[in-house]
Amino acid sequence: MPDTTALKSAKAPADAVEAPAVADAGPALGKPRSLWSDAWHDLRRNPLFLVSMALIVVLAVMAIFPSLFTSASPRDANLAEHYLQHPNWGHFFAPDWLGYDGQGRSIYARVVYGARASIMVGVIVTLAVTLTGLVVGMLAGYFGGWIDTLLSRVTDVFFGVPFIVGAMVILTSFERRSVWVVILSLAFLGWTSIARVARGSVITIKQSDYVVAAKALGASTTRILTRHILPNAIAPVIVVATIALGGYIAAEATLSFLGIGLAEPTVSWGIDVSAAKDQLRNAPYVLIIPSVMVSVTVLSFLMFGDAVRNALDPKMR
């Protein structure tokens with residue numbers, strides 16, 4: 001008879017060797033991350049994203065709760081006492097910290113309250129053009145044919161109008177240019193780029209196997225667009241929208257500087273820059289401070305969009 005003790009002892013080393021291999025293979029066979037979780041994993045380790053996000057959060061809180069940063073009113077003017085008073089750098093966050101403008105108003109208070117109009121215009125215009133561009137691009141890319149031809153030609157017509165010049169023409173037709181008038185004017189002209197990006201993405205995705213299978217199973221057009229195409233076509237649209245947001249803030253400041261954007265009594269960085277251009281030699285800080293705020297805000301959103309693009313685009317990794 002065979003020696004069972006010897007057989008067991010011969011098998012034992014093999015079992016001991018195989019067990020760790022199975023245990024080590026477990027974590028490697030984990031569930032793969034999705035596009036969004038993989039992007040978030042990269043964003044959390046990107047210093048560009050962290051810095052830009054910190055600046056955006058501060059600017060957003062400043063726009064929503066300006067009273068947390070200053071108790072002074074941006075419209076209180078004391079021309080006799082505070083005309084072009086120089087900054088008092090030792091009084092941090094005090095009304096005279098950044099000095100006073102040509103009408104005796106606190107520059108610091110106007111900088112804080114001016115964030116609301118600029119960020120409000122940028123965010124709402126971005127949401128409006130993203131929604132409009134998505135709808136137009138998805139319809140044109142999915143249905144094709146005469147619908148694609150019609151929507152593409154309409155997009156080309158709007159795309160051919162210079163953005164700033166077209167906004168100037170629209171805004172000059174209004175006597176009162178409130179925040180909502182500026183938002184509608186910029187949104188009316190700014191959706192074309194997102195429409196083109198969405199159209200190209202949808203044309204590629206609609207040929208995928210899962211879309212063809214959904215059609216074969218009798219899924220409705222609305223379900224295919226919202227459940228299968230939109231989640232997979234939204235990534236490049238988000239990249240374009242985040243980068244464009246800073247451009248809309250700069251466009252609002254440019255129009256206000258030219259005198260055809262926002263107007264008093266609205267508090268805006270562009271209005272302050274326009275009003276301070278005559279004091280550039282005597283009091284350059286009156287123009288420089290709001291200009292720096294515009295630059296920092298635009299740069300923050302551009303860095304944020306650049307970080308999102310790098311995270312969502314596999315070619316950029």
# chains A, B, ... in the order shown; residues from 1 in each chain; ligands from 1

call {"tool": "residues_around", "arguments": {"residues": "segment 289-297 of chain A", "least_positions_apart": "6", "cutoff": "10 Å", "atoms": "only C-alpha atoms", "output": "list in words"}}
result
Ser52, Leu55, Ile56, Leu59, Leu98, Gly99, Ile107, Tyr108, Arg110, Val111, Val112, Gly114, Ala115, Ser118, Ile119, Gly246, Ile249, Ala250, Ala253, Ser268, Trp269, Gly270, Ile271, Asp272, Val273 and Ala276 of chain A

call {"tool": "write_last_selection", "arguments": {"atoms": "N, CA and C atoms", "output": "CSV table (one decimal), in the first residue's frame"}}
result
chain,number,residue,atom,x,y,z
A,52,SER,N,-6.9,76.2,-8.0
A,52,SER,CA,-8.0,76.9,-8.6
A,52,SER,C,-9.3,76.7,-7.9
A,55,LEU,N,-9.4,79.0,-4.9
A,55,LEU,CA,-9.7,80.4,-5.3
A,55,LEU,C,-11.2,80.5,-5.6
A,56,ILE,N,-11.7,79.6,-6.4
A,56,ILE,CA,-13.1,79.6,-6.8
A,56,ILE,C,-14.1,79.6,-5.6
A,59,LEU,N,-14.0,83.0,-4.0
A,59,LEU,CA,-14.8,83.9,-4.8
A,59,LEU,C,-16.3,83.7,-4.7
A,98,LEU,N,-7.9,99.2,0.9
A,98,LEU,CA,-7.5,99.3,-0.5
A,98,LEU,C,-7.7,100.8,-1.0
A,99,GLY,N,-8.0,101.7,-0.2
A,99,GLY,CA,-8.2,103.1,-0.6
A,99,GLY,C,-9.6,103.4,-1.0
A,107,ILE,N,-12.9,101.1,-2.1
A,107,ILE,CA,-12.5,100.1,-3.2
A,107,ILE,C,-12.6,98.7,-2.7
A,108,TYR,N,-12.3,98.4,-1.4
A,108,TYR,CA,-12.4,97.1,-0.9
A,108,TYR,C,-13.8,96.6,-0.9
A,110,ARG,N,-16.2,97.6,-2.8
A,110,ARG,CA,-16.7,97.4,-4.2
A,110,ARG,C,-16.1,96.2,-4.8
A,111,VAL,N,-14.8,95.9,-4.4
A,111,VAL,CA,-14.2,94.6,-4.9
A,111,VAL,C,-15.0,93.4,-4.4
A,112,VAL,N,-15.4,93.4,-3.1
A,112,VAL,CA,-16.1,92.3,-2.6
A,112,VAL,C,-17.5,92.2,-3.2
A,114,GLY,N,-18.5,93.4,-6.0
A,114,GLY,CA,-18.4,93.3,-7.5
A,114,GLY,C,-18.3,91.8,-7.9
A,115,ALA,N,-17.9,90.9,-7.0
A,115,ALA,CA,-17.7,89.5,-7.4
A,115,ALA,C,-19.1,88.9,-7.7
A,118,SER,N,-20.1,89.6,-11.5
A,118,SER,CA,-19.2,88.9,-12.5
A,118,SER,C,-19.4,87.4,-12.5
A,119,ILE,N,-19.4,86.8,-11.3
A,119,ILE,CA,-19.6,85.3,-11.2
A,119,ILE,C,-21.0,84.9,-11.5
A,246,GLY,N,-14.6,81.2,-17.7
A,246,GLY,CA,-13.7,82.4,-17.5
A,246,GLY,C,-13.8,83.4,-18.6
A,249,ILE,N,-16.8,85.7,-18.0
A,249,ILE,CA,-16.5,86.7,-17.0
A,249,ILE,C,-15.7,87.9,-17.6
A,250,ALA,N,-14.7,87.5,-18.4
A,250,ALA,CA,-13.9,88.5,-19.1
A,250,ALA,C,-14.7,89.3,-20.0
A,253,ALA,N,-16.8,91.9,-18.1
A,253,ALA,CA,-15.9,93.0,-17.7
A,253,ALA,C,-15.5,93.9,-18.9
A,268,SER,N,-19.9,96.3,-10.3
A,268,SER,CA,-19.2,95.4,-11.2
A,268,SER,C,-17.7,95.9,-11.3
A,269,TRP,N,-16.8,94.9,-11.4
A,269,TRP,CA,-15.4,95.2,-11.6
A,269,TRP,C,-15.2,95.9,-12.9
A,270,GLY,N,-15.9,95.6,-13.9
A,270,GLY,CA,-15.7,96.2,-15.2
A,270,GLY,C,-16.2,97.7,-15.1
A,271,ILE,N,-17.2,98.0,-14.4
A,271,ILE,CA,-17.6,99.4,-14.2
A,271,ILE,C,-16.6,100.2,-13.5
A,272,ASP,N,-16.0,99.6,-12.5
A,272,ASP,CA,-15.0,100.3,-11.7
A,272,ASP,C,-13.7,100.5,-12.5
A,273,VAL,N,-13.3,99.6,-13.4
A,273,VAL,CA,-12.2,99.8,-14.2
A,273,VAL,C,-12.5,100.9,-15.2
A,276,ALA,N,-12.2,104.2,-13.5
A,276,ALA,CA,-10.9,104.6,-13.0
A,276,ALA,C,-9.9,104.9,-14.1

call {"tool": "closest_atom_pairs", "arguments": {"of": "segment 174-283 of chain A", "to": "segment 161-164 of chain A", "cutoff": "10 Å", "atoms": "only C-alpha atoms", "output": "Markdown table"}}
result
| residue | atom | partner | partner_atom | distance |
| --- | --- | --- | --- | --- |
| A:Ser185 | CA | A:Phe163 | CA | 9.9 |
| A:Leu186 | CA | A:Phe163 | CA | 8.0 |
| A:Phe188 | CA | A:Phe163 | CA | 9.9 |
| A:Leu189 | CA | A:Phe163 | CA | 6.5 |
| A:Gly190 | CA | A:Phe163 | CA | 7.3 |
| A:Ala251 | CA | A:Ile164 | CA | 7.1 |
| A:Glu252 | CA | A:Ile164 | CA | 9.4 |
| A:Thr254 | CA | A:Ile164 | CA | 8.5 |
| A:Leu255 | CA | A:Ile164 | CA | 7.7 |

call {"tool": "write_last_selection", "arguments": {"atoms": "N, CA, C and O atoms", "output": "compact mmCIF listing (two decimals), in the first residue's frame"}}
result
# COMPACT_ATOMS: atom_id res chain seq x y z
N SER A 185 -27.87 88.31 -23.48
CA SER A 185 -27.12 88.70 -24.68
C SER A 185 -25.93 87.77 -24.92
O SER A 185 -25.69 87.34 -26.05
N LEU A 186 -25.19 87.45 -23.85
CA LEU A 186 -24.05 86.56 -24.01
C LEU A 186 -24.49 85.12 -24.30
O LEU A 186 -23.85 84.44 -25.12
N PHE A 188 -27.17 84.23 -25.86
CA PHE A 188 -27.75 84.17 -27.19
C PHE A 188 -26.69 83.90 -28.26
O PHE A 188 -26.98 83.31 -29.31
N LEU A 189 -25.45 84.28 -27.98
CA LEU A 189 -24.38 84.15 -28.97
C LEU A 189 -23.34 83.10 -28.62
O LEU A 189 -22.52 82.76 -29.47
N GLY A 190 -23.35 82.58 -27.40
CA GLY A 190 -22.22 81.77 -26.95
C GLY A 190 -22.40 80.26 -27.00
O GLY A 190 -21.50 79.55 -26.53
N ALA A 251 -15.66 88.66 -20.74
CA ALA A 251 -16.51 89.38 -21.70
C ALA A 251 -17.41 90.39 -20.99
O ALA A 251 -17.59 91.52 -21.48
N GLU A 252 -17.95 90.01 -19.85
CA GLU A 252 -18.79 90.96 -19.09
C GLU A 252 -17.97 92.16 -18.64
O GLU A 252 -18.43 93.31 -18.73
N THR A 254 -15.28 93.31 -20.05
CA THR A 254 -14.92 94.09 -21.24
C THR A 254 -16.08 94.97 -21.68
O THR A 254 -15.89 96.16 -21.99
N LEU A 255 -17.28 94.42 -21.72
CA LEU A 255 -18.44 95.20 -22.13
C LEU A 255 -18.73 96.32 -21.13
O LEU A 255 -19.09 97.44 -21.54

call {"tool": "residues_around", "arguments": {"residues": "segment 180-184 of chain A", "least_positions_apart": "2", "cutoff": "8 Å", "atoms": "only C-alpha atoms", "output": "list in words"}}
result
Val121, Ile124, Val125, Leu171, Arg177, Ser178, Leu186, Ala187, Phe188, Glu252, Gly261 and Leu262 of chain A

call {"tool": "atom_distance", "arguments": {"atom1": "atom CA of Ser274 of chain A", "atom2": "atom CA of Phe69 of chain A"}}
result
24.2 Å

call {"tool": "atom_distance", "arguments": {"atom1": "atom CA of Leu280 of chain A", "atom2": "atom CA of Leu302 of chain A"}}
result
27.9 Å

call {"tool": "atom_distance", "arguments": {"atom1": "atom CA of Leu127 of chain A", "atom2": "atom CA of Val240 of chain A"}}
result
11.8 Å

call {"tool": "residues_around", "arguments": {"residues": "Ala233 of chain A", "least_positions_apart": "2", "cutoff": "8 Å", "atoms": "only C-alpha atoms", "output": "PyMOL selection string"}}
result
chain A and resi 198+201-202+205+229-231+235-237

call {"tool": "residues_around", "arguments": {"residues": "Asp76 of chain A", "least_positions_apart": "2", "cutoff": "8 Å", "atoms": "only C-alpha atoms", "output": "PyMOL selection string"}}
result
chain A and resi 72-74+78+104-106

call {"tool": "residues_around", "arguments": {"residues": "Arg116 of chain A", "least_positions_apart": "4", "cutoff": "7 Å", "atoms": "only C-alpha atoms", "output": "count of residues only"}}
result
3

call {"tool": "select_by_dssp", "arguments": {"residues": "segment 80-241 of chain A", "states": "helix (DSSP H, G or I)", "output": "ChimeraX atom specification"}}
result
/A:80-82,107-143,145-159,163-171,179-189,192-205,209-216,221-241

call {"tool": "closest_residue", "arguments": {"among": "A:Val136, A:Met168, A:Val58, A:Val179", "to": "Pro265 of chain A", "atoms": "only C-alpha atoms"}}
result
A:Val179

call {"tool": "residues_around", "arguments": {"residues": "Leu225 of chain A", "least_positions_apart": "6", "cutoff": "12 Å", "atoms": "only C-alpha atoms", "output": "MDAnalysis selection string"}}
result
chainID A and resid 134:135 137:143 202:203 205:206 211 214:215 219 231:234

call {"tool": "decode", "arguments": {"residues": "segment 250-266 of chain A", "atoms": "all heavy atoms", "output": "compact mmCIF listing (two decimals), in the first residue's frame"}}
result
# COMPACT_ATOMS: atom_id res chain seq x y z
N ALA A 250 -14.71 87.48 -18.39
CA ALA A 250 -13.90 88.50 -19.05
C ALA A 250 -14.73 89.31 -20.05
O ALA A 250 -14.53 90.53 -20.19
CB ALA A 250 -12.71 87.85 -19.75
N ALA A 251 -15.66 88.66 -20.74
CA ALA A 251 -16.51 89.38 -21.70
C ALA A 251 -17.41 90.39 -20.99
O ALA A 251 -17.59 91.52 -21.48
CB ALA A 251 -17.35 88.38 -22.48
N GLU A 252 -17.95 90.01 -19.85
CA GLU A 252 -18.79 90.96 -19.09
C GLU A 252 -17.97 92.16 -18.64
O GLU A 252 -18.43 93.31 -18.73
CB GLU A 252 -19.40 90.25 -17.88
CG GLU A 252 -20.25 91.13 -16.99
CD GLU A 252 -19.45 91.86 -15.93
OE1 GLU A 252 -18.51 91.25 -15.38
OE2 GLU A 252 -19.74 93.06 -15.69
N ALA A 253 -16.75 91.92 -18.14
CA ALA A 253 -15.90 93.03 -17.71
C ALA A 253 -15.52 93.91 -18.89
O ALA A 253 -15.47 95.15 -18.77
CB ALA A 253 -14.65 92.48 -17.03
N THR A 254 -15.28 93.31 -20.05
CA THR A 254 -14.92 94.09 -21.24
C THR A 254 -16.08 94.97 -21.68
O THR A 254 -15.89 96.16 -21.99
CB THR A 254 -14.52 93.14 -22.39
OG1 THR A 254 -13.41 92.33 -21.97
CG2 THR A 254 -14.14 93.93 -23.63
N LEU A 255 -17.28 94.42 -21.72
CA LEU A 255 -18.44 95.20 -22.13
C LEU A 255 -18.73 96.32 -21.13
O LEU A 255 -19.09 97.44 -21.54
CB LEU A 255 -19.66 94.28 -22.27
CG LEU A 255 -19.59 93.26 -23.41
CD1 LEU A 255 -20.74 92.27 -23.31
CD2 LEU A 255 -19.63 93.96 -24.77
N SER A 256 -18.59 96.03 -19.85
CA SER A 256 -18.80 97.08 -18.85
C SER A 256 -17.73 98.16 -18.96
O SER A 256 -18.02 99.35 -18.78
CB SER A 256 -18.80 96.47 -17.44
OG SER A 256 -19.83 95.51 -17.30
N PHE A 257 -16.51 97.77 -19.26
CA PHE A 257 -15.43 98.76 -19.43
C PHE A 257 -15.72 99.67 -20.62
O PHE A 257 -15.44 100.88 -20.59
CB PHE A 257 -14.10 98.04 -19.62
CG PHE A 257 -12.97 98.96 -19.97
CD1 PHE A 257 -12.35 99.72 -18.99
CD2 PHE A 257 -12.52 99.05 -21.28
CE1 PHE A 257 -11.31 100.58 -19.31
CE2 PHE A 257 -11.48 99.91 -21.60
CZ PHE A 257 -10.87 100.67 -20.62
N LEU A 258 -16.30 99.11 -21.68
CA LEU A 258 -16.62 99.90 -22.87
C LEU A 258 -17.86 100.77 -22.67
O LEU A 258 -18.19 101.58 -23.55
CB LEU A 258 -16.82 98.98 -24.07
CG LEU A 258 -15.58 98.20 -24.52
CD1 LEU A 258 -15.94 97.23 -25.63
CD2 LEU A 258 -14.47 99.15 -24.97
N GLY A 259 -18.56 100.58 -21.55
CA GLY A 259 -19.73 101.39 -21.27
C GLY A 259 -21.02 100.87 -21.86
O GLY A 259 -22.04 101.58 -21.83
N ILE A 260 -21.02 99.64 -22.37
CA ILE A 260 -22.25 99.07 -22.95
C ILE A 260 -22.63 97.76 -22.27
O ILE A 260 -23.49 97.03 -22.78
CB ILE A 260 -22.07 98.84 -24.46
CG1 ILE A 260 -20.83 98.00 -24.71
CG2 ILE A 260 -22.00 100.15 -25.20
CD1 ILE A 260 -20.62 97.67 -26.16
N GLY A 261 -22.01 97.48 -21.14
CA GLY A 261 -22.38 96.30 -20.38
C GLY A 261 -23.25 96.68 -19.20
O GLY A 261 -24.26 97.36 -19.35
N LEU A 262 -22.85 96.22 -18.02
CA LEU A 262 -23.59 96.58 -16.82
C LEU A 262 -23.43 98.07 -16.54
O LEU A 262 -22.42 98.68 -16.90
CB LEU A 262 -23.08 95.77 -15.63
CG LEU A 262 -23.26 94.25 -15.72
CD1 LEU A 262 -22.63 93.56 -14.52
CD2 LEU A 262 -24.73 93.88 -15.84
N ALA A 263 -24.43 98.66 -15.92
CA ALA A 263 -24.41 100.09 -15.62
C ALA A 263 -24.79 100.31 -14.17
O ALA A 263 -25.36 99.43 -13.51
CB ALA A 263 -25.37 100.84 -16.55
N GLU A 264 -24.45 101.48 -13.66
CA GLU A 264 -24.84 101.84 -12.30
C GLU A 264 -26.36 101.77 -12.16
O GLU A 264 -27.09 102.01 -13.13
CB GLU A 264 -24.36 103.26 -11.99
CG GLU A 264 -22.85 103.44 -11.99
CD GLU A 264 -22.18 102.89 -10.75
OE1 GLU A 264 -22.91 102.39 -9.85
OE2 GLU A 264 -20.95 102.95 -10.66
N PRO A 265 -26.86 101.37 -10.98
CA PRO A 265 -26.16 101.20 -9.69
C PRO A 265 -25.58 99.81 -9.47
O PRO A 265 -25.22 99.49 -8.34
CB PRO A 265 -27.26 101.50 -8.68
CG PRO A 265 -28.50 101.00 -9.34
CD PRO A 265 -28.32 101.29 -10.82
N THR A 266 -25.53 98.95 -10.49
CA THR A 266 -24.92 97.64 -10.33
C THR A 266 -23.44 97.78 -10.00
O THR A 266 -22.75 98.61 -10.60
CB THR A 266 -25.09 96.81 -11.61
OG1 THR A 266 -26.47 96.74 -11.95
CG2 THR A 266 -24.54 95.41 -11.42
